[in-house]
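Let me begin by presenting the structure, written as structure tokens, before commenting on it.
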Amino acid sequence: MESNEYQKLFDFISTTVVLNNTDQVKISSKLSLEDYKKGDFILNQNQVSKTLKFVLSGVYRVYQLKNGQEITSYFNYEERNPLVASFPSLLTQQPSTEIIRCIIPGRLISIFYADWHELYKTSLELNTFGRLLAEKNYVLAIQRIESLQYQNATERYTMFLELYPNLLNQIPHHYISSYLGITPESLSRIRKALTKN
């Protein structure tokens, strides 16, 4: 069963590079499976992120606490952002400012980042995958910043629907309004206005 679930990770990697069987065996030996219930913390604020996780099922929210308010950065699930970690903390090994929490029960594949990083030394393909993934995440981060800076609330909501088409009716709407940087009341007005159109 584990090998079947691990194959989903290798299928994800193979959209970018092709791993040989030797590399897959090496990686598999470092992987573990973790189950999470709604409300479980994957990472708490001020913890140091030590593991990289891959979504098999469930939905996970990455957010920060600012002045008592929760500000959602993004969501992880199988179809979008399937790699789960506080990347600033993971890469610097400093305490995380982000919180990652399960909002729909699911299962993750986990690997210690130290092990993942060690595998870079023996697998050119995995090393290439890591670099390309970092480049892609950089572009996504810039797009997120530009969205918050230059788009109005309706445009941000429309983009949310494009990025996360399956989430609207699965997660609490105050998480979505937090992601958009607006109040729940504003989100309700935008949804009503778009429905009329």
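How things are named: the first chain in the structure tokens is A, the next is B, and so on; residues count from 1 in each chain; ligands count from 1 in the order shown.
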Which neighbours of stretch 40-50 of chain A fall inside 6 Å, counting only C-alpha atoms, when residues of the same chain fewer than 6 positions from it are skipped, and could you give them as an MDAnalysis selection string?
-> chainID A and resid 89:90 93:102 112:113
Which of stretch 88-117 of chain A fall in strand (DSSP E), as a list in words | Ile99, Ile100, Arg101, Cys102, Ile103, Ile104, Gly106, Arg107, Leu108, Ile109, Ser110, Ile111 and Phe112 of chain A
Give the answer as one residue: which of A:Thr154, A:Asn166, A:Ser177, A:Ser28 has the shortest atom-to-atom distance to A:Lys192, using only C-alpha atoms?
-> A:Thr154
Write out as a ChimeraX atom specification which residues come within 12 Å of A:Asp11 when counting only C-alpha atoms, dropping same-chain ones fewer than 6 positions away.
-> /A:4-5,17-19,24,54,56
Going by DSSP on the backbone, which bits of stretch 18-189 of chain A are alpha helix (DSSP H)? Write them as a PyMOL selection string, please.
-> chain A and resi 21-28+87-92+113-120+124-150+153-163+173-180+184-189
Skip A:Leu124 itself and residues of its chain fewer than 5 positions away, then list as a list in words all residues within 12 Å of it, counting only C-alpha atoms.
->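 What passes the distance filter is Val17, Val18, Leu19, Asn20, Asp23, His117, Glu118, Leu119, Phe129, Gly130 and Arg131 of chain A.
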Skipping near chain neighbours, those fewer than 5 positions away, what residues fall within 8 Å of A:Ser110 using only C-alpha atoms, listed as a JSON list (two decimals) with N, CA, C and O atoms, in the first residue's frame?
[["chain", "number", "residue", "atom", "x", "y", "z"],
["A", 31, "LEU", "N", 10.89, 7.96, 3.30],
["A", 31, "LEU", "CA", 9.53, 8.49, 3.39],
["A", 31, "LEU", "C", 8.73, 7.83, 4.51],
["A", 31, "LEU", "O", 8.98, 6.70, 4.89],
["A", 32, "SER", "N", 7.75, 8.57, 5.00],
["A", 32, "SER", "CA", 6.78, 8.01, 5.95],
["A", 32, "SER", "C", 5.41, 8.61, 5.67],
["A", 32, "SER", "O", 5.30, 9.64, 5.00],
["A", 33, "LEU", "N", 4.37, 7.95, 6.17],
["A", 33, "LEU", "CA", 2.99, 8.41, 5.97],
["A", 33, "LEU", "C", 2.45, 8.98, 7.28],
["A", 33, "LEU", "O", 2.71, 8.45, 8.36],
["A", 34, "GLU", "N", 1.69, 10.08, 7.18],
["A", 34, "GLU", "CA", 1.12, 10.72, 8.36],
["A", 34, "GLU", "C", -0.35, 11.05, 8.09],
["A", 34, "GLU", "O", -0.69, 11.57, 7.03],
["A", 51, "THR", "N", 10.55, 19.11, 8.11],
["A", 51, "THR", "CA", 10.12, 18.11, 7.13],
["A", 51, "THR", "C", 9.45, 18.76, 5.93],
["A", 51, "THR", "O", 8.84, 19.82, 6.03],
["A", 52, "LEU", "N", 9.57, 18.08, 4.80],
["A", 52, "LEU", "CA", 8.85, 18.43, 3.58],
["A", 52, "LEU", "C", 7.77, 17.38, 3.42],
["A", 52, "LEU", "O", 8.04, 16.18, 3.53],
["A", 53, "LYS", "N", 6.54, 17.82, 3.17],
["A", 53, "LYS", "CA", 5.42, 16.88, 3.09],
["A", 53, "LYS", "C", 4.71, 17.03, 1.75],
["A", 53, "LYS", "O", 4.71, 18.11, 1.16],
["A", 54, "PHE", "N", 4.11, 15.94, 1.31],
["A", 54, "PHE", "CA", 3.40, 15.90, 0.04],
["A", 54, "PHE", "C", 1.96, 15.45, 0.29],
["A", 54, "PHE", "O", 1.73, 14.46, 0.98]]
Could you give me, as a PyMOL selection string, the residues within 9 Å of A:Pro184, counting only C-alpha atoms and dropping anything in the same chain fewer than 4 positions from it?
-> chain A and resi 173-178+188-189
Identify, on the basis of only C-alpha atoms, every residue whose closest approach to A:Arg191 does not exceed 9 Å; exclude the query and any residue fewer than 5 positions from it along the same chain; express the result as a PDB file with all heavy atoms, in the first residue's frame.
ATOM      1  N   THR A 154     -12.555  42.140  -6.133  1.00  0.00           N
ATOM      2  CA  THR A 154     -13.289  41.282  -7.068  1.00  0.00           C
ATOM      3  C   THR A 154     -12.326  40.517  -7.963  1.00  0.00           C
ATOM      4  O   THR A 154     -12.516  39.322  -8.226  1.00  0.00           O
ATOM      5  CB  THR A 154     -14.255  42.120  -7.925  1.00  0.00           C
ATOM      6  OG1 THR A 154     -15.180  42.792  -7.066  1.00  0.00           O
ATOM      7  CG2 THR A 154     -15.029  41.238  -8.901  1.00  0.00           C
ATOM      8  N   TYR A 157     -10.782  37.743  -5.965  1.00  0.00           N
ATOM      9  CA  TYR A 157     -11.726  36.644  -5.781  1.00  0.00           C
ATOM     10  C   TYR A 157     -11.825  35.797  -7.053  1.00  0.00           C
ATOM     11  O   TYR A 157     -11.820  34.555  -6.987  1.00  0.00           O
ATOM     12  CB  TYR A 157     -13.107  37.178  -5.407  1.00  0.00           C
ATOM     13  CG  TYR A 157     -14.169  36.107  -5.313  1.00  0.00           C
ATOM     14  CD1 TYR A 157     -14.136  35.161  -4.292  1.00  0.00           C
ATOM     15  CD2 TYR A 157     -15.190  36.035  -6.248  1.00  0.00           C
ATOM     16  CE1 TYR A 157     -15.099  34.162  -4.204  1.00  0.00           C
ATOM     17  CE2 TYR A 157     -16.161  35.045  -6.169  1.00  0.00           C
ATOM     18  CZ  TYR A 157     -16.118  34.117  -5.152  1.00  0.00           C
ATOM     19  OH  TYR A 157     -17.070  33.130  -5.072  1.00  0.00           O
ATOM     20  N   SER A 186     -17.519  41.654   2.947  1.00  0.00           N
ATOM     21  CA  SER A 186     -17.128  42.086   1.600  1.00  0.00           C
ATOM     22  C   SER A 186     -17.151  40.914   0.629  1.00  0.00           C
ATOM     23  O   SER A 186     -17.583  41.042  -0.519  1.00  0.00           O
ATOM     24  CB  SER A 186     -15.743  42.720   1.617  1.00  0.00           C
ATOM     25  OG  SER A 186     -15.745  43.913   2.366  1.00  0.00           O
ATOM     26  N   LYS A 196     -25.334  37.971  -9.716  1.00  0.00           N
ATOM     27  CA  LYS A 196     -26.319  38.756 -10.469  1.00  0.00           C
ATOM     28  C   LYS A 196     -25.873  38.959 -11.913  1.00  0.00           C
ATOM     29  O   LYS A 196     -26.688  39.038 -12.829  1.00  0.00           O
ATOM     30  CB  LYS A 196     -26.532  40.116  -9.797  1.00  0.00           C
ATOM     31  CG  LYS A 196     -27.294  40.030  -8.478  1.00  0.00           C
ATOM     32  CD  LYS A 196     -27.407  41.392  -7.821  1.00  0.00           C
ATOM     33  CE  LYS A 196     -28.109  41.282  -6.473  1.00  0.00           C
ATOM     34  NZ  LYS A 196     -28.179  42.580  -5.787  1.00  0.00           N
TER      35      LYS A 196
END
Which one is closest to A:Tyr63: A:Tyr138, A:Phe87, A:Tyr120, A:Tyr179? Count only C-alpha atoms.
->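 Closest residue, counting only C-alpha atoms: A:Tyr179.
Atom CA of A:Leu180 sits 9.6 Å away from atom CA of A:Asn152.
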Using only C-alpha atoms, which of A:Glu70, A:Glu79, A:Asp115, A:Glu125 sits nearest A:Phe10?
->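 Of the candidates, the smallest distance to A:Phe10 is held by A:Glu125.
The interatomic distance for the pair atom CA of A:Arg156 and atom CA of A:Ile103 works out to 21.9 Å.
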Could you please determine the separation between atom CA of A:Leu132 and atom CA of A:Ser147 in Å, to one decimal place?
->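 Computing the Euclidean distance for atom CA of A:Leu132 and atom CA of A:Ser147 yields 22.6 Å.
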With only C-alpha atoms as the atoms that count, which of A:Asn81, A:Gln170, A:Thr183, A:Thr158 lies nearest to A:Asn137?
-> A:Asn81
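You can rank A:Ala85, A:Glu155, A:Leu65, A:Tyr6 by their closest distance to A:Lys30 using only C-alpha atoms, and at the top of that list sits A:Tyr6.
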